[in-house]
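Peer 1: Please see the structure below; I have some questions.
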Amino acid sequence: VLPSPLLGATVNFTVTTTGGSNVTYLFDWADTNFSVGPSPTRNHTYNTPGVYTVIVTASNTAGTTSATTTVIITSLELDKHADPAPGTIVGPTSIITYSLAITNRPNDSGLSIGPVTVVDQLPADVYIANPATDIWSVDPGVTWVGPDINNVITLTLASVDADDVRTIYMRTVVTDSVTSGQILTNTATASSNDQVNRTDTTNSLGFPNVLGNP
């Protein structure tokens, strides 16, 4: 089993053979793609999380032999929701509750990802009245700091198990200085360096219908 890279990372393969010459290598990547040629070293990128059994076949005039190896591709996924939903008319003192859901795919990998860092950039014209009560999670191993002077909240998840979902909630209040027609956009990024490579997932929500000061 190879080390588990995250989705979109390049996986490096090297085949070692003894004896013989003029060897041709056929790589079956187990995702409907194949590579063939004289080089025993190949790179491949998987676009879907999952467990893949790669088959490499080496052949020349003396015969053919095959070997297999397992590659597990994990994906750190971030989904953001808001209550009320984007598009709702909001204004000064309106309450917007954001939720961030972080998921580790696929569900059959058996691998955990962690630690995971989530950086959430709140809109400039919202604030959190009481961070002690207005930021919360019912899931274990979730901590956070902020918001800072730039309205950024940084959250840390100790680990996310396979197919597990960790959710964080943030209750915000629209400021009195918001103007009509202003777009309130919340952007979050989830990342982890626990794996061979790093993945970043960005998800934005906007409230284009703001009823505020002219």
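Residue names in the structure tokens use chain letters A, B, ... in the order shown, residue numbers from 1 in each chain, and ligand numbers from 1 in the order shown.
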Pick out each residue of segment 71-180 of chain A that DSSP on the backbone tags as strand (DSSP E or B); I need them as a count of residues only.

Peer 2: 58

Peer 1: Compile the contact shell of Ile149 of chain A as a ChimeraX atom specification: residues with an atom at most 12 Å away, counting only C-alpha atoms, same-chain residues fewer than 5 positions apart removed.

Peer 2: /A:121-122,124,127-128

Peer 1: Kindly save the residues from that selection, with N, CA and C atoms included, as an mmCIF file, in the first residue's frame.

Peer 2:
```
data_model
loop_
_atom_site.group_PDB
_atom_site.id
_atom_site.type_symbol
_atom_site.label_atom_id
_atom_site.label_comp_id
_atom_site.auth_asym_id
_atom_site.auth_seq_id
_atom_site.Cartn_x
_atom_site.Cartn_y
_atom_site.Cartn_z
ATOM 1 N N GLN A 121 -12.871 33.549 6.474
ATOM 2 C CA GLN A 121 -12.878 34.998 6.344
ATOM 3 C C GLN A 121 -14.316 35.480 6.361
ATOM 4 N N LEU A 122 -14.737 36.013 7.497
ATOM 5 C CA LEU A 122 -16.096 36.544 7.600
ATOM 6 C C LEU A 122 -16.210 37.854 6.827
ATOM 7 N N ALA A 124 -16.775 41.727 6.122
ATOM 8 C CA ALA A 124 -16.354 42.857 6.956
ATOM 9 C C ALA A 124 -17.513 43.449 7.738
ATOM 10 N N TYR A 127 -20.361 40.783 12.563
ATOM 11 C CA TYR A 127 -19.517 40.577 13.732
ATOM 12 C C TYR A 127 -20.112 39.463 14.591
ATOM 13 N N ILE A 128 -19.276 38.912 15.449
ATOM 14 C CA ILE A 128 -19.710 37.888 16.393
ATOM 15 C C ILE A 128 -19.817 38.540 17.763
#
```

Peer 1: Counting only C-alpha atoms, what is within 9 Å of Thr154 of chain A, bar same-chain residues fewer than 4 positions away, as an MDAnalysis selection string?

Peer 2: chainID A and resid 117:121 143:148

Peer 1: With N, CA and C atoms retained, could you export that selection as a CSV table (one decimal), in the first residue's frame?

Peer 2:
```csv
chain,number,residue,atom,x,y,z
A,117,THR,N,-6.7,22.4,9.4
A,117,THR,CA,-6.9,23.8,9.7
A,117,THR,C,-7.9,24.4,8.7
A,118,VAL,N,-8.9,25.1,9.3
A,118,VAL,CA,-9.9,25.8,8.5
A,118,VAL,C,-9.8,27.3,8.8
A,119,VAL,N,-9.6,28.1,7.8
A,119,VAL,CA,-9.5,29.6,7.9
A,119,VAL,C,-10.8,30.2,7.3
A,120,ASP,N,-11.6,30.8,8.1
A,120,ASP,CA,-12.8,31.4,7.6
A,120,ASP,C,-12.7,33.0,7.7
A,121,GLN,N,-12.9,33.5,6.5
A,121,GLN,CA,-12.9,35.0,6.3
A,121,GLN,C,-14.3,35.5,6.4
A,143,THR,N,-11.1,23.1,17.9
A,143,THR,CA,-10.8,24.3,18.7
A,143,THR,C,-10.7,25.4,17.7
A,144,TRP,N,-10.8,26.7,18.2
A,144,TRP,CA,-10.7,27.8,17.3
A,144,TRP,C,-10.2,29.0,18.1
A,145,VAL,N,-9.7,30.0,17.3
A,145,VAL,CA,-9.3,31.3,17.8
A,145,VAL,C,-9.9,32.4,16.9
A,146,GLY,N,-10.1,33.5,17.4
A,146,GLY,CA,-10.7,34.6,16.7
A,146,GLY,C,-12.1,34.9,17.0
A,147,PRO,N,-12.8,35.8,16.3
A,147,PRO,CA,-12.2,36.5,15.1
A,147,PRO,C,-11.1,37.5,15.5
A,148,ASP,N,-10.1,37.7,14.5
A,148,ASP,CA,-9.1,38.6,14.8
A,148,ASP,C,-9.5,40.0,14.2
```

Peer 1: Out of segment 80-148 of chain A, which residues get alpha helix (DSSP H) from DSSP, as a PyMOL selection string?

Peer 2: chain A and resi 131-134

Peer 1: So how far away is atom CA of Thr10 of chain A from atom CA of Ser159 of chain A, in Å?

Peer 2: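 Atom CA of Thr10 of chain A lies at a distance of 23.1 Å from atom CA of Ser159 of chain A.
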
Peer 1: Which residues come within 12 Å of segment 175-177 of chain A, counting only C-alpha atoms, excluding same-chain residues fewer than 2 positions away, as a PyMOL selection string?

Peer 2: chain A and resi 90-96+123-129+172-173+179-180+182+184+210-214

Peer 1: Give the answer as one residue: which of A:Thr65, A:Thr70, A:Ser137, A:Ser21 has the shortest atom-to-atom distance to Tyr52 of chain A, using only C-alpha atoms?

Peer 2: A:Thr70

Peer 1: So, counting only C-alpha atoms, which residue among A:Val54, A:Thr18, A:Pro49, A:Asn60 is closest to Gly37 of chain A?

Peer 2: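 Closest to Gly37 of chain A of all the choices is A:Asn60.
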
Peer 1: Report the distance between atom CA of Thr45 of chain A and atom CA of Ala162 of chain A in Å, rounded to one decimal place.

Peer 2: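 Calculated distance between atom CA of Thr45 of chain A and atom CA of Ala162 of chain A is 20.7 Å.
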
Peer 1: Let me make sure I understand: among A:Ile72, A:Leu155, A:Ile55, A:Ala132, which one has the smallest atom-to-atom distance to Asn33 of chain A if we use only C-alpha atoms?

Peer 2: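 Closest residue, counting only C-alpha atoms: A:Ile55.
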
Peer 1: If you count only C-alpha atoms, which residues fall within 8 Å of Pro115 of chain A, apart from same-chain ones fewer than 2 positions away, as a ChimeraX atom specification?

Peer 2: /A:113,117,156-160,192-194

Peer 1: In Å, with one decimal, what is the gap from atom CA of Met170 of chain A to atom CA of Ala190 of chain A?

Peer 2: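 About the pair atom CA of Met170 of chain A and atom CA of Ala190 of chain A: they are 15.9 Å apart.
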